[in-house]
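Next up, data02.cif (mmCIF, C-alpha atoms):
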data_start
#
loop_
_atom_site.label_atom_id
_atom_site.label_comp_id
_atom_site.auth_asym_id
_atom_site.auth_seq_id
_atom_site.Cartn_x
_atom_site.Cartn_y
_atom_site.Cartn_z
CA MET A 1 34.91 -120.13 12.82
CA LYS A 2 33.26 -121.84 9.82
CA ALA A 3 30.13 -119.71 10.06
CA PRO A 4 28.64 -121.08 6.80
CA ASP A 5 28.72 -124.55 8.35
CA MET A 6 26.94 -123.23 11.44
CA TRP A 7 24.31 -121.49 9.34
CA ARG A 8 23.35 -124.82 7.76
CA ILE A 9 22.19 -125.79 11.24
CA SER A 10 21.04 -122.48 12.70
CA THR A 11 20.95 -118.77 11.91
CA GLY A 12 19.31 -117.91 15.22
CA GLN A 13 15.85 -117.87 13.68
CA GLY A 14 12.97 -117.47 16.13
CA ILE A 15 15.15 -115.92 18.85
CA THR A 16 14.88 -112.32 20.06
CA VAL A 17 18.03 -110.68 21.37
CA ALA A 18 17.50 -107.45 23.29
CA VAL A 19 20.34 -104.95 22.88
CA ILE A 20 20.60 -102.29 25.59
CA ASP A 21 22.68 -99.42 24.23
CA GLY A 22 22.78 -95.72 23.40
CA GLY A 23 20.65 -95.70 20.25
CA PHE A 24 20.49 -97.38 16.85
CA LYS A 25 20.64 -96.57 13.15
CA LEU A 26 17.44 -98.40 12.30
CA ASP A 27 17.75 -97.90 8.54
CA HIS A 28 21.22 -99.36 8.03
CA PRO A 29 20.95 -101.64 4.97
CA ASP A 30 22.45 -104.59 6.84
CA LEU A 31 19.88 -104.21 9.62
CA VAL A 32 16.67 -103.31 7.82
CA GLY A 33 14.06 -105.85 8.86
CA GLN A 34 16.09 -107.03 11.83
CA PHE A 35 14.72 -104.61 14.43
CA LEU A 36 11.55 -105.18 16.41
CA PRO A 37 9.71 -102.17 17.82
CA GLY A 38 11.91 -100.99 20.69
CA LYS A 39 11.69 -98.60 23.60
CA ASP A 40 13.59 -95.53 24.76
CA PHE A 41 14.47 -95.34 28.47
CA SER A 42 17.06 -92.59 28.08
CA GLY A 43 14.83 -89.57 28.65
CA SER A 44 16.48 -87.85 25.68
CA SER A 45 14.76 -86.71 22.51
CA GLY A 46 14.72 -88.61 19.27
CA GLY A 47 13.67 -92.07 20.38
CA VAL A 48 15.37 -95.41 19.80
CA GLY A 49 16.42 -94.41 16.28
CA SER A 50 18.55 -91.49 17.46
CA TYR A 51 22.16 -91.94 18.53
CA ALA A 52 25.27 -89.99 19.45
CA ASP A 53 27.61 -92.72 18.27
CA GLY A 54 27.48 -95.95 16.33
CA HIS A 55 27.99 -98.32 19.26
CA GLY A 56 24.45 -99.70 19.47
CA THR A 57 24.30 -100.16 15.71
CA GLU A 58 27.58 -102.07 15.80
CA MET A 59 26.36 -104.41 18.53
CA ALA A 60 23.12 -105.10 16.65
CA SER A 61 25.14 -105.76 13.49
CA LEU A 62 27.49 -108.23 15.17
CA ILE A 63 24.49 -110.16 16.42
CA ALA A 64 22.07 -110.08 13.49
CA GLY A 65 23.55 -108.24 10.49
CA THR A 66 22.30 -109.68 7.20
CA GLY A 67 25.16 -108.62 4.92
CA ARG A 68 22.68 -107.42 2.29
CA SER A 69 24.43 -104.11 1.68
CA VAL A 70 27.16 -103.49 -0.89
CA GLY A 71 25.81 -106.09 -3.28
CA GLY A 72 25.50 -108.76 -0.62
CA THR A 73 29.00 -108.29 0.77
CA GLY A 74 28.08 -106.20 3.80
CA ALA A 75 28.50 -107.09 7.45
CA TYR A 76 27.03 -110.36 8.61
CA GLY A 77 26.15 -110.93 12.21
CA LEU A 78 26.81 -114.25 13.85
CA ALA A 79 23.07 -114.97 14.12
CA PRO A 80 21.52 -113.30 11.03
CA GLY A 81 18.22 -115.08 11.57
CA ALA A 82 17.67 -113.56 15.02
CA LYS A 83 15.70 -110.39 15.67
CA ILE A 84 16.93 -107.40 17.65
CA LEU A 85 14.85 -105.66 20.32
CA PRO A 86 16.51 -102.21 20.50
CA LEU A 87 16.40 -100.60 23.95
CA LYS A 88 17.94 -97.18 24.35
CA ILE A 89 19.51 -95.88 27.56
CA ASN A 90 21.57 -92.80 28.36
CA ASN A 91 25.05 -94.27 28.52
CA GLY A 92 26.64 -90.88 28.96
CA SER A 93 26.97 -90.12 25.26
CA VAL A 94 24.21 -87.47 25.43
CA GLY A 95 24.42 -84.88 28.20
CA GLY A 96 26.07 -87.21 30.68
CA ALA A 97 24.39 -89.84 32.83
CA SER A 98 24.51 -90.19 36.60
CA PRO A 99 25.47 -93.64 37.90
CA THR A 100 22.01 -93.94 39.48
CA ASP A 101 20.25 -93.20 36.19
CA PHE A 102 22.58 -95.53 34.31
CA LEU A 103 21.78 -98.56 36.47
CA ASP A 104 18.12 -97.62 36.77
CA GLN A 105 17.66 -97.40 33.01
CA ILE A 106 19.45 -100.71 32.52
CA GLY A 107 17.13 -102.26 35.09
CA GLN A 108 14.05 -100.88 33.35
CA ALA A 109 15.31 -102.12 29.99
CA VAL A 110 16.06 -105.61 31.33
CA THR A 111 12.58 -105.92 32.80
CA TYR A 112 11.00 -104.71 29.56
CA ALA A 113 13.07 -107.14 27.50
CA VAL A 114 11.94 -110.07 29.61
CA ASP A 115 8.32 -108.92 29.37
CA GLN A 116 8.68 -108.83 25.57
CA GLY A 117 9.96 -112.39 25.45
CA ALA A 118 13.63 -111.73 24.70
CA LYS A 119 15.66 -114.87 25.39
CA VAL A 120 19.04 -113.12 25.34
CA ILE A 121 19.79 -109.62 26.67
CA ASN A 122 23.04 -108.01 25.52
CA ILE A 123 24.51 -105.17 27.60
CA SER A 124 27.78 -104.00 26.05
CA GLN A 125 27.94 -101.17 28.56
CA GLY A 126 29.55 -100.56 31.90
CA MET A 127 30.65 -98.16 34.62
CA ASP A 128 33.16 -98.77 37.40
CA GLU A 129 31.79 -100.42 40.53
CA VAL A 130 33.04 -97.67 42.83
CA ARG A 131 30.73 -95.11 41.24
CA PHE A 132 27.53 -96.79 42.42
CA SER A 133 25.68 -96.72 45.72
CA PRO A 134 24.92 -100.04 47.43
CA ASP A 135 21.19 -99.37 47.07
CA ASP A 136 21.45 -98.88 43.31
CA VAL A 137 23.50 -102.04 42.92
CA ALA A 138 21.10 -104.05 45.09
CA LYS A 139 18.14 -102.87 43.04
CA LEU A 140 19.69 -103.92 39.74
CA SER A 141 20.88 -107.21 41.24
CA ARG A 142 17.30 -108.05 42.16
CA ILE A 143 16.14 -107.25 38.64
CA LEU A 144 18.87 -109.44 37.14
CA ALA A 145 17.93 -112.31 39.44
CA GLN A 146 14.31 -111.96 38.39
CA ALA A 147 15.28 -111.94 34.72
CA ARG A 148 17.27 -115.14 35.18
CA ALA A 149 14.40 -116.74 37.11
CA ARG A 150 12.07 -115.88 34.23
CA GLY A 151 14.33 -117.62 31.73
CA ALA A 152 16.44 -114.87 30.16
CA LEU A 153 20.19 -115.00 29.68
CA VAL A 154 21.87 -111.64 30.37
CA VAL A 155 25.26 -111.14 28.71
CA ALA A 156 27.50 -108.14 29.45
CA SER A 157 31.01 -106.92 28.68
CA VAL A 158 33.50 -106.93 31.56
CA GLY A 159 35.31 -103.77 30.44
CA ASN A 160 38.54 -102.64 28.81
CA GLU A 161 40.56 -101.25 31.69
CA ALA A 162 42.78 -104.16 32.69
CA GLN A 163 45.81 -101.91 32.30
CA SER A 164 44.21 -99.02 34.18
CA GLY A 165 43.64 -100.59 37.57
CA ASN A 166 41.37 -103.41 36.39
CA PRO A 167 38.24 -101.96 38.06
CA VAL A 168 35.14 -104.11 38.19
CA SER A 169 32.54 -102.85 35.75
CA TYR A 170 28.80 -103.05 36.34
CA PRO A 171 26.58 -104.68 35.24
CA GLY A 172 29.21 -107.10 33.89
CA GLY A 173 30.53 -107.79 37.38
CA LEU A 174 27.18 -108.64 38.95
CA PRO A 175 25.70 -112.08 39.67
CA ASN A 176 23.21 -113.51 37.15
CA VAL A 177 25.21 -111.94 34.33
CA VAL A 178 27.47 -113.73 31.84
CA GLY A 179 30.57 -111.53 31.97
CA VAL A 180 32.51 -111.62 28.68
CA GLY A 181 36.17 -110.82 28.00
CA ALA A 182 38.01 -110.43 24.70
CA VAL A 183 40.57 -112.53 22.83
CA ASP A 184 42.69 -111.67 19.81
CA HIS A 185 43.48 -113.46 16.53
CA ASP A 186 45.68 -115.96 18.38
CA ALA A 187 43.00 -116.68 20.98
CA MET A 188 45.03 -114.85 23.63
CA VAL A 189 43.16 -112.62 26.05
CA THR A 190 43.74 -109.02 25.00
CA SER A 191 45.73 -106.76 27.27
CA GLU A 192 42.76 -104.41 27.75
CA SER A 193 40.24 -107.11 28.70
CA GLU A 194 39.50 -106.94 32.41
CA GLN A 195 40.18 -109.92 34.64
CA GLY A 196 38.59 -111.47 37.69
CA PRO A 197 35.92 -113.88 38.89
CA GLN A 198 33.31 -111.99 36.86
CA VAL A 199 34.77 -113.34 33.58
CA ILE A 200 32.67 -116.30 32.45
CA LEU A 201 33.50 -116.56 28.73
CA THR A 202 35.61 -114.84 26.11
CA ALA A 203 35.07 -114.17 22.41
CA PRO A 204 36.89 -112.35 19.60
CA GLY A 205 37.42 -108.69 20.41
CA MET A 206 40.13 -107.47 18.04
CA ASP A 207 39.82 -105.96 14.54
CA ILE A 208 36.08 -106.52 14.49
CA VAL A 209 34.22 -105.02 11.53
CA ALA A 210 30.53 -104.25 11.79
CA ALA A 211 27.82 -102.04 10.39
CA CYS A 212 27.78 -98.66 12.10
CA ALA A 213 26.64 -95.06 11.75
CA ALA A 214 29.75 -93.80 9.93
CA ASP A 215 29.48 -92.29 6.45
CA THR A 216 30.85 -95.49 4.89
CA GLY A 217 28.46 -97.59 6.95
CA TYR A 218 31.21 -99.76 8.46
CA CYS A 219 33.59 -99.49 11.40
CA LYS A 220 36.47 -101.53 12.76
CA SER A 221 36.77 -101.72 16.53
CA HIS A 222 38.04 -103.74 19.46
CA GLY A 223 36.97 -104.42 23.01
CA THR A 224 34.80 -106.55 25.25
CA SER A 225 31.65 -104.88 23.90
CA ASP A 226 32.16 -106.71 20.61
CA SER A 227 32.95 -109.94 22.45
CA ALA A 228 29.74 -109.76 24.47
CA ALA A 229 27.70 -109.30 21.30
CA LEU A 230 29.28 -112.42 19.79
CA VAL A 231 28.49 -114.47 22.91
CA SER A 232 24.89 -113.22 22.78
CA ALA A 233 24.69 -114.27 19.15
CA SER A 234 26.19 -117.67 20.00
CA ALA A 235 23.48 -118.21 22.59
CA ALA A 236 20.85 -117.30 19.98
CA LEU A 237 22.25 -119.86 17.53
CA VAL A 238 22.06 -122.68 20.05
CA TRP A 239 18.71 -121.64 21.52
CA SER A 240 17.17 -121.56 18.05
CA VAL A 241 17.84 -125.28 17.70
CA HIS A 242 17.04 -126.25 21.30
CA LYS A 243 14.04 -124.08 22.07
CA ASP A 244 13.05 -126.20 25.07
CA TRP A 245 16.38 -125.61 26.84
CA THR A 246 16.62 -123.14 29.69
CA ALA A 247 19.12 -120.32 30.07
CA ASN A 248 21.09 -122.55 32.44
CA GLN A 249 21.37 -125.27 29.81
CA ILE A 250 22.33 -122.87 27.03
CA LEU A 251 25.07 -121.37 29.19
CA ARG A 252 26.27 -124.80 30.33
CA VAL A 253 26.67 -125.97 26.74
CA LEU A 254 28.51 -122.78 25.75
CA ILE A 255 30.85 -123.30 28.70
CA ASN A 256 31.38 -127.02 28.08
CA THR A 257 32.18 -126.50 24.40
CA ALA A 258 34.41 -123.45 24.86
CA GLY A 259 38.09 -123.57 23.95
CA LYS A 260 39.92 -124.11 27.22
CA ALA A 261 42.99 -122.44 28.64
CA GLN A 262 46.43 -123.77 27.76
CA ASP A 263 47.14 -124.60 31.40
CA GLY A 264 44.24 -127.06 31.43
CA SER A 265 42.32 -125.25 34.15
CA VAL A 266 38.55 -125.44 34.17
CA ARG A 267 38.44 -121.66 34.48
CA ASN A 268 40.71 -118.81 35.44
CA ASP A 269 40.30 -115.12 36.07
CA LEU A 270 41.98 -114.22 32.80
CA GLY A 271 39.73 -116.02 30.32
CA GLY A 272 36.92 -117.48 32.40
CA TYR A 273 35.79 -120.91 31.19
CA GLY A 274 37.26 -120.34 27.74
CA SER A 275 36.52 -118.92 24.31
CA VAL A 276 33.03 -119.52 23.02
CA ARG A 277 32.75 -121.95 20.06
CA PRO A 278 29.19 -121.97 18.75
CA ARG A 279 30.00 -124.36 15.91
CA VAL A 280 31.01 -127.02 18.42
CA ALA A 281 28.00 -126.18 20.59
CA LEU A 282 25.74 -126.80 17.59
CA THR A 283 27.36 -129.95 16.26
CA ASN A 284 28.36 -131.63 19.52
CA PRO A 285 26.59 -129.91 22.43
CA GLY A 286 26.81 -132.82 24.85
CA ASP A 287 24.62 -133.08 27.92
CA PRO A 288 22.93 -129.73 28.68
CA GLY A 289 22.51 -130.80 32.30
CA PRO A 290 19.73 -129.88 34.71
CA ALA A 291 17.35 -127.15 33.59
CA ASP A 292 17.10 -125.46 36.97
CA VAL A 293 20.74 -125.44 38.06
CA SER A 294 23.14 -122.73 36.97
CA PRO A 295 26.54 -123.91 35.68
CA VAL A 296 28.20 -121.00 37.50
CA PRO A 297 27.66 -119.58 41.00
CA VAL A 298 24.94 -116.93 40.97
CA THR A 299 24.60 -116.17 44.67
CA ASP A 300 28.15 -115.02 45.33
CA PRO A 301 28.53 -111.32 46.07
CA ALA A 302 29.85 -109.13 43.29
CA PRO A 303 33.65 -109.00 43.14
CA SER A 304 35.56 -106.27 44.87
CA ALA A 305 36.69 -103.20 42.99
CA SER A 306 40.26 -104.03 44.00
CA PRO A 307 41.63 -106.73 41.69
CA SER A 308 43.44 -109.59 43.33
CA ALA A 309 47.17 -109.88 42.90
CA SER A 310 46.75 -113.27 41.28
CA ALA A 311 44.28 -111.93 38.73
CA ALA A 312 46.50 -109.02 37.89
CA SER A 313 49.51 -111.23 37.42
CA SER A 314 47.76 -113.96 35.44
CA ALA A 315 47.99 -112.17 32.09
CA PRO A 316 50.71 -113.63 29.89
CA SER A 317 53.70 -111.35 29.47
CA SER A 318 53.33 -111.72 25.72
CA ALA A 319 49.74 -110.56 25.70
CA PRO A 320 49.25 -108.45 22.58
CA SER A 321 48.28 -104.82 22.77
CA PRO A 322 44.89 -103.79 21.41
CA VAL A 323 44.58 -101.97 18.12
CA GLY A 324 44.94 -98.24 18.82
CA SER A 325 44.59 -96.75 22.25
CA PRO A 326 41.93 -98.19 24.58
CA SER A 327 39.38 -95.44 24.28
CA ASP A 328 35.61 -95.43 24.11
CA VAL A 329 35.23 -93.50 20.90
CA ALA A 330 33.10 -94.86 18.10
CA VAL A 331 33.01 -93.41 14.61
CA GLY A 332 30.87 -90.31 14.51
CA ALA A 333 31.16 -89.81 18.26
CA PRO A 334 32.72 -86.83 20.01
CA THR A 335 36.47 -87.04 20.49
CA VAL A 336 35.98 -87.88 24.15
CA GLN A 337 33.40 -90.49 25.10
CA PRO A 338 31.90 -90.25 28.61
CA LYS A 339 32.65 -92.95 31.13
CA GLY A 340 29.25 -94.55 30.70
CA GLU A 341 30.57 -96.25 27.57
CA ALA A 342 33.43 -97.85 29.43
CA SER A 343 32.94 -101.27 27.91
CA SER A 344 33.30 -100.28 24.28
CA GLY A 345 36.52 -100.25 22.34
CA SER A 346 37.85 -97.71 19.90
CA GLY A 347 36.58 -97.71 16.37
CA GLY A 348 37.52 -96.39 12.97
CA SER A 349 35.50 -96.00 9.81
CA LEU A 350 36.35 -98.03 6.75
CA PRO A 351 36.37 -96.57 3.23
CA LEU A 352 34.37 -98.16 0.45
CA VAL A 353 36.56 -99.19 -2.47
CA GLY A 354 34.89 -100.28 -5.69
CA GLY A 355 31.70 -101.06 -3.84
CA VAL A 356 33.46 -103.34 -1.36
CA VAL A 357 34.42 -102.40 2.16
CA ALA A 358 38.19 -102.18 2.23
CA GLY A 359 39.69 -104.80 4.52
CA LEU A 360 36.24 -106.01 5.55
CA LEU A 361 36.48 -108.70 8.19
CA VAL A 362 32.85 -109.74 8.36
CA VAL A 363 31.90 -111.74 11.39
CA ALA A 364 31.70 -114.87 9.24
CA GLY A 365 35.44 -114.59 8.70
CA VAL A 366 36.44 -114.16 12.32
CA VAL A 367 38.12 -117.23 13.77
CA PHE A 368 36.87 -118.50 17.11
CA ALA A 369 40.21 -120.09 17.91
CA VAL A 370 40.61 -122.58 20.72
CA LEU A 371 42.57 -121.08 23.60
CA ARG A 372 44.89 -124.03 23.73
CA ARG A 373 45.94 -123.36 20.13
CA ARG A 374 48.25 -120.43 19.55
CA LYS A 375 47.41 -120.17 15.85
CA ALA A 376 44.35 -120.94 13.78
CA ALA A 377 44.05 -121.39 10.05
CA VAL A 378 42.21 -118.54 8.40
CA PRO A 379 40.26 -119.47 5.26
CA PRO A 380 41.71 -117.86 2.12
CA ALA A 381 38.46 -116.17 1.23
CA TYR A 382 35.11 -115.48 2.80
CA GLN A 383 32.39 -117.87 1.72
CA PRO A 384 28.80 -116.65 1.98
CA PRO A 385 26.37 -118.72 4.05
CA VAL A 386 24.36 -121.32 2.16
CA PRO A 387 21.65 -122.64 4.47
CA PRO A 388 19.26 -125.11 2.82
CA GLY A 389 16.05 -123.86 1.23
CA ASP A 390 15.23 -120.23 0.60
CA ASN A 391 18.13 -118.20 1.84
CA PRO A 392 17.73 -114.44 2.15
CA TYR A 393 21.37 -114.09 3.23
CA ALA A 394 23.18 -115.78 0.35
CA ARG A 395 24.48 -113.73 -2.57
#

Rewrite the coordinates I just gave you, this time as structure tokens.
Amino acid sequence: MKAPDMWRISTGQGITVAVIDGGFKLDHPDLVGQFLPGKDFSGSSGGVGSYADGHGTEMASLIAGTGRSVGGTGAYGLAPGAKILPLKINNGSVGGASPTDFLDQIGQAVTYAVDQGAKVINISQGMDEVRFSPDDVAKLSRILAQARARGALVVASVGNEAQSGNPVSYPGGLPNVVGVGAVDHDAMVTSESEQGPQVILTAPGMDIVAACAADTGYCKSHGTSDSAALVSASAALVWSVHKDWTANQILRVLINTAGKAQDGSVRNDLGGYGSVRPRVALTNPGDPGPADVSPVPVTDPAPSASPSASAASSAPSSAPSPVGSPSDVAVGAPTVQPKGEASSGSGGSLPLVGGVVAGLLVVAGVVFAVLRRRKAAVPPAYQPPVPPGDNPYAR
């Protein structure tokens, strides 16, 4: 991934990424100073800083963690210079959430994020398409179209149920959303990552370590939630350098610089247009194209809940299994996570050993491998970022 090289060019500074999730640990050492004043749409008590699980904290960490904790060896986000706008919804982790309320709260949060000037909106959340009424879906679709028209880029996970019927997850399966799937260490799409025309990009989604609400402060997880957060952070990195680009141009560059499928296809329902490579997007972005033309269709109807036979059969037979069982449990959460958290992967807390997180795979050490390459060299040791000038992130 060569994150230190990227951070010499951009840390995402000047970009606000809204994170719509179930609550946030605002005082985590790796996230202190990264949160803007947020808003609670959940209707539950406690405000944005209350949470039933660590999912929202993990997503914020993957995007903008500073790594300041544990003597400067904590969890770095991919865009540590960006700011997080925390927006809380009821994702089912507190008292359950009706499908109508779930989509309605997401819609309210998206509108608020755009009003607050957020360039990127991350939604690592999802419920199955079949649970929603056409009216609820149409309402959110209009809001998403408005957000895109006003210049925001909405990124969402596509879900982790490829082996359980591959149902389309909303909002990740809706138009005007960048649907994100997950790849493993070998840049192969994970067996849990859902497939279909809604997949636009992929990103690492296996053995991801991030700041969370566990006692140790760190969790390891997997799933398309993590992948969506890394795509959101990638967009922030590029947008920080090219502030005059539109959402269409940012997305086009991320697509054009993505690692492509081994079969040479422009896109497929397994991995979309490829695995995001922000370092390439920063160093060799190419032509961003027209500002007012989307690089992907945005007027097509949302995909059907019934996956196509071709999509279901496109996964390679050697596709690796995800770490642990594909559940939606984050550290500190109840043993059974409600369906509203369908896009998150399972997580486990990591012990602190001698002041260092055991087995810590900070985002800076994750390899964004090219899909056409089966293996990627992993650097022997993590190197802290060294951007020029005053650097609050370097040890």

Q | Which residue of A:Leu78, A:Leu87, A:Val154, A:Val296 approaches Ala203 (chain A) most closely, using only C-alpha atoms | A | A:Leu78

Q: Quick one: everything within 10 Å of region 280-287 of chain A, counting all atoms listed in the file, minus sequence neighbours fewer than 3 positions away in the same chain. Send it as a list of chain:residue names.
A: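 Residues meeting the cut-off are A:Met1, A:Asp5, A:Met6, A:Trp7, A:Ile9, A:Ser10, A:Ser234, A:Ala235, A:Leu237, A:Val238, A:Trp239, A:Val241, A:His242, A:Gln249, A:Ile250, A:Arg252, A:Val253, A:Leu254, A:Ile255, A:Asn256, A:Thr257, A:Ala258, A:Gly259, A:Val276, A:Arg277, A:Pro290.
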
Q.
When you count all atoms listed in the file, which of these residues is closest to Asn248 (chain A): A:Gly46, A:Pro37, A:Gly289, A:Pro175?
A.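 Ranking A:Gly46, A:Pro37, A:Gly289, A:Pro175 by distance to Asn248 (chain A), first place goes to A:Gly289.
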
Near Gln195 (chain A), counting all atoms listed in the file, which residues have an atom at most 7 Å away, once you skip same-chain residues fewer than 2 positions from it, shown as a PDB file with C-alpha atoms, in the coordinates of the input?
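Output (out09.pdb):
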ATOM      1  CA  ALA A 162      42.780-104.160  32.690  1.00  0.00           C
ATOM      2  CA  ASN A 166      41.370-103.410  36.390  1.00  0.00           C
ATOM      3  CA  SER A 193      40.240-107.110  28.700  1.00  0.00           C
ATOM      4  CA  VAL A 199      34.770-113.340  33.580  1.00  0.00           C
ATOM      5  CA  ASP A 269      40.300-115.120  36.070  1.00  0.00           C
ATOM      6  CA  LEU A 270      41.980-114.220  32.800  1.00  0.00           C
ATOM      7  CA  ALA A 311      44.280-111.930  38.730  1.00  0.00           C
TER       8      ALA A 311
END

Q.
Please expand the PyMOL selection byres ((chain A and resi 129) around 8) into the concrete residues it hits in this file, giving the result as number ranges by chain.
A. A: 127-128, 130-132, 167-170, 305

Q) Written as a ChimeraX atom specification, what is the full residue list that the PyMOL selection byres ((chain A and resi 55) around 8) yields on the file shown? A) /A:21-24,53-54,56-59,212,330,344

Q.
For a test of reading the model, state the distance in Å between CA of Asp27 (chain A) and CA of Lys220 (chain A), rounded to one decimal.
A. 19.5 Å

Q: Could you tell me which residues the PyMOL selection byres ((chain A and resi 229) around 10) returns for this structure, as a VMD selection string?
A: chain A and resid 17 19 58 to 64 77 to 78 121 to 124 155 to 157 180 203 to 205 224 to 228 230 to 235

Q) Could you work out how far CA of Gln105 (chain A) lies from CA of Ser42 (chain A), giving the answer in Å with one decimal? A)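 Spanning CA of Ser42 (chain A) to CA of Gln105 (chain A) is a straight-line distance of 6.9 Å.
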
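The residue set within 12 Å of Ala138 (chain A), counting only C-alpha atoms and dropping same-chain residues fewer than 4 places from it, reads Thr100, Leu103, Asp104, Gly107, Phe132, Ser133, Pro134, Arg142, Ile143, Leu144, Ala145, Tyr170, Pro171, Leu174, Pro175, Pro301 and Ala302 of chain A.
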
Q.
Taking all atoms listed in the file into account, name the residue in A:Asn90, A:Gln146, A:Thr202, A:Gln125 that is nearest to Val110 (chain A).
A.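 For Val110 (chain A), the nearest of the given residues is A:Gln146.
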
Q) Quick one: of A:Asn91, A:Gln34, A:Gln198, A:Ser275, who's nearest to Val158 (chain A), counting only C-alpha atoms? A)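 Closest candidate: A:Gln198.
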
N, CA and C atoms for region 12-32 of chain A, written as a compact mmCIF listing (two decimals), in the coordinates of the input, could you do that?
# COMPACT_ATOMS: atom_id res chain seq x y z
N GLY A 12 19.90 -118.62 14.09
CA GLY A 12 19.31 -117.91 15.22
C GLY A 12 17.85 -117.59 15.02
N GLN A 13 17.24 -118.17 14.01
CA GLN A 13 15.85 -117.87 13.68
C GLN A 13 14.92 -118.17 14.87
N GLY A 14 13.95 -117.28 15.07
CA GLY A 14 12.97 -117.47 16.13
C GLY A 14 13.42 -116.94 17.48
N ILE A 15 14.62 -116.40 17.58
CA ILE A 15 15.15 -115.92 18.85
C ILE A 15 15.24 -114.39 18.83
N THR A 16 14.76 -113.77 19.90
CA THR A 16 14.88 -112.32 20.06
C THR A 16 16.02 -112.00 21.01
N VAL A 17 16.92 -111.14 20.54
CA VAL A 17 18.03 -110.68 21.37
C VAL A 17 17.82 -109.20 21.66
N ALA A 18 17.63 -108.85 22.91
CA ALA A 18 17.50 -107.45 23.29
C ALA A 18 18.89 -106.84 23.38
N VAL A 19 19.06 -105.66 22.81
CA VAL A 19 20.34 -104.95 22.88
C VAL A 19 20.11 -103.63 23.61
N ILE A 20 20.72 -103.50 24.77
CA ILE A 20 20.60 -102.29 25.59
C ILE A 20 21.80 -101.42 25.31
N ASP A 21 21.57 -100.25 24.67
CA ASP A 21 22.68 -99.42 24.23
C ASP A 21 22.21 -97.98 24.07
N GLY A 22 23.04 -97.15 23.47
CA GLY A 22 22.78 -95.72 23.40
C GLY A 22 22.05 -95.23 22.18
N GLY A 23 21.38 -96.10 21.44
CA GLY A 23 20.65 -95.70 20.25
C GLY A 23 21.09 -96.51 19.04
N PHE A 24 20.28 -96.47 17.97
CA PHE A 24 20.49 -97.38 16.85
C PHE A 24 20.15 -96.70 15.52
N LYS A 25 20.94 -97.00 14.51
CA LYS A 25 20.64 -96.57 13.15
C LYS A 25 19.71 -97.62 12.55
N LEU A 26 18.43 -97.39 12.65
CA LEU A 26 17.44 -98.40 12.30
C LEU A 26 17.37 -98.68 10.80
N ASP A 27 17.86 -97.73 9.98
CA ASP A 27 17.75 -97.90 8.54
C ASP A 27 19.04 -98.36 7.88
N HIS A 28 20.01 -98.84 8.66
CA HIS A 28 21.22 -99.36 8.03
C HIS A 28 20.85 -100.54 7.14
N PRO A 29 21.35 -100.57 5.90
CA PRO A 29 20.95 -101.64 4.97
C PRO A 29 21.18 -103.06 5.48
N ASP A 30 22.19 -103.25 6.30
CA ASP A 30 22.45 -104.59 6.84
C ASP A 30 21.55 -104.94 8.01
N LEU A 31 20.74 -103.97 8.46
CA LEU A 31 19.88 -104.21 9.62
C LEU A 31 18.41 -103.97 9.36
N VAL A 32 18.08 -103.51 8.15
CA VAL A 32 16.67 -103.31 7.82
C VAL A 32 15.93 -104.64 7.92
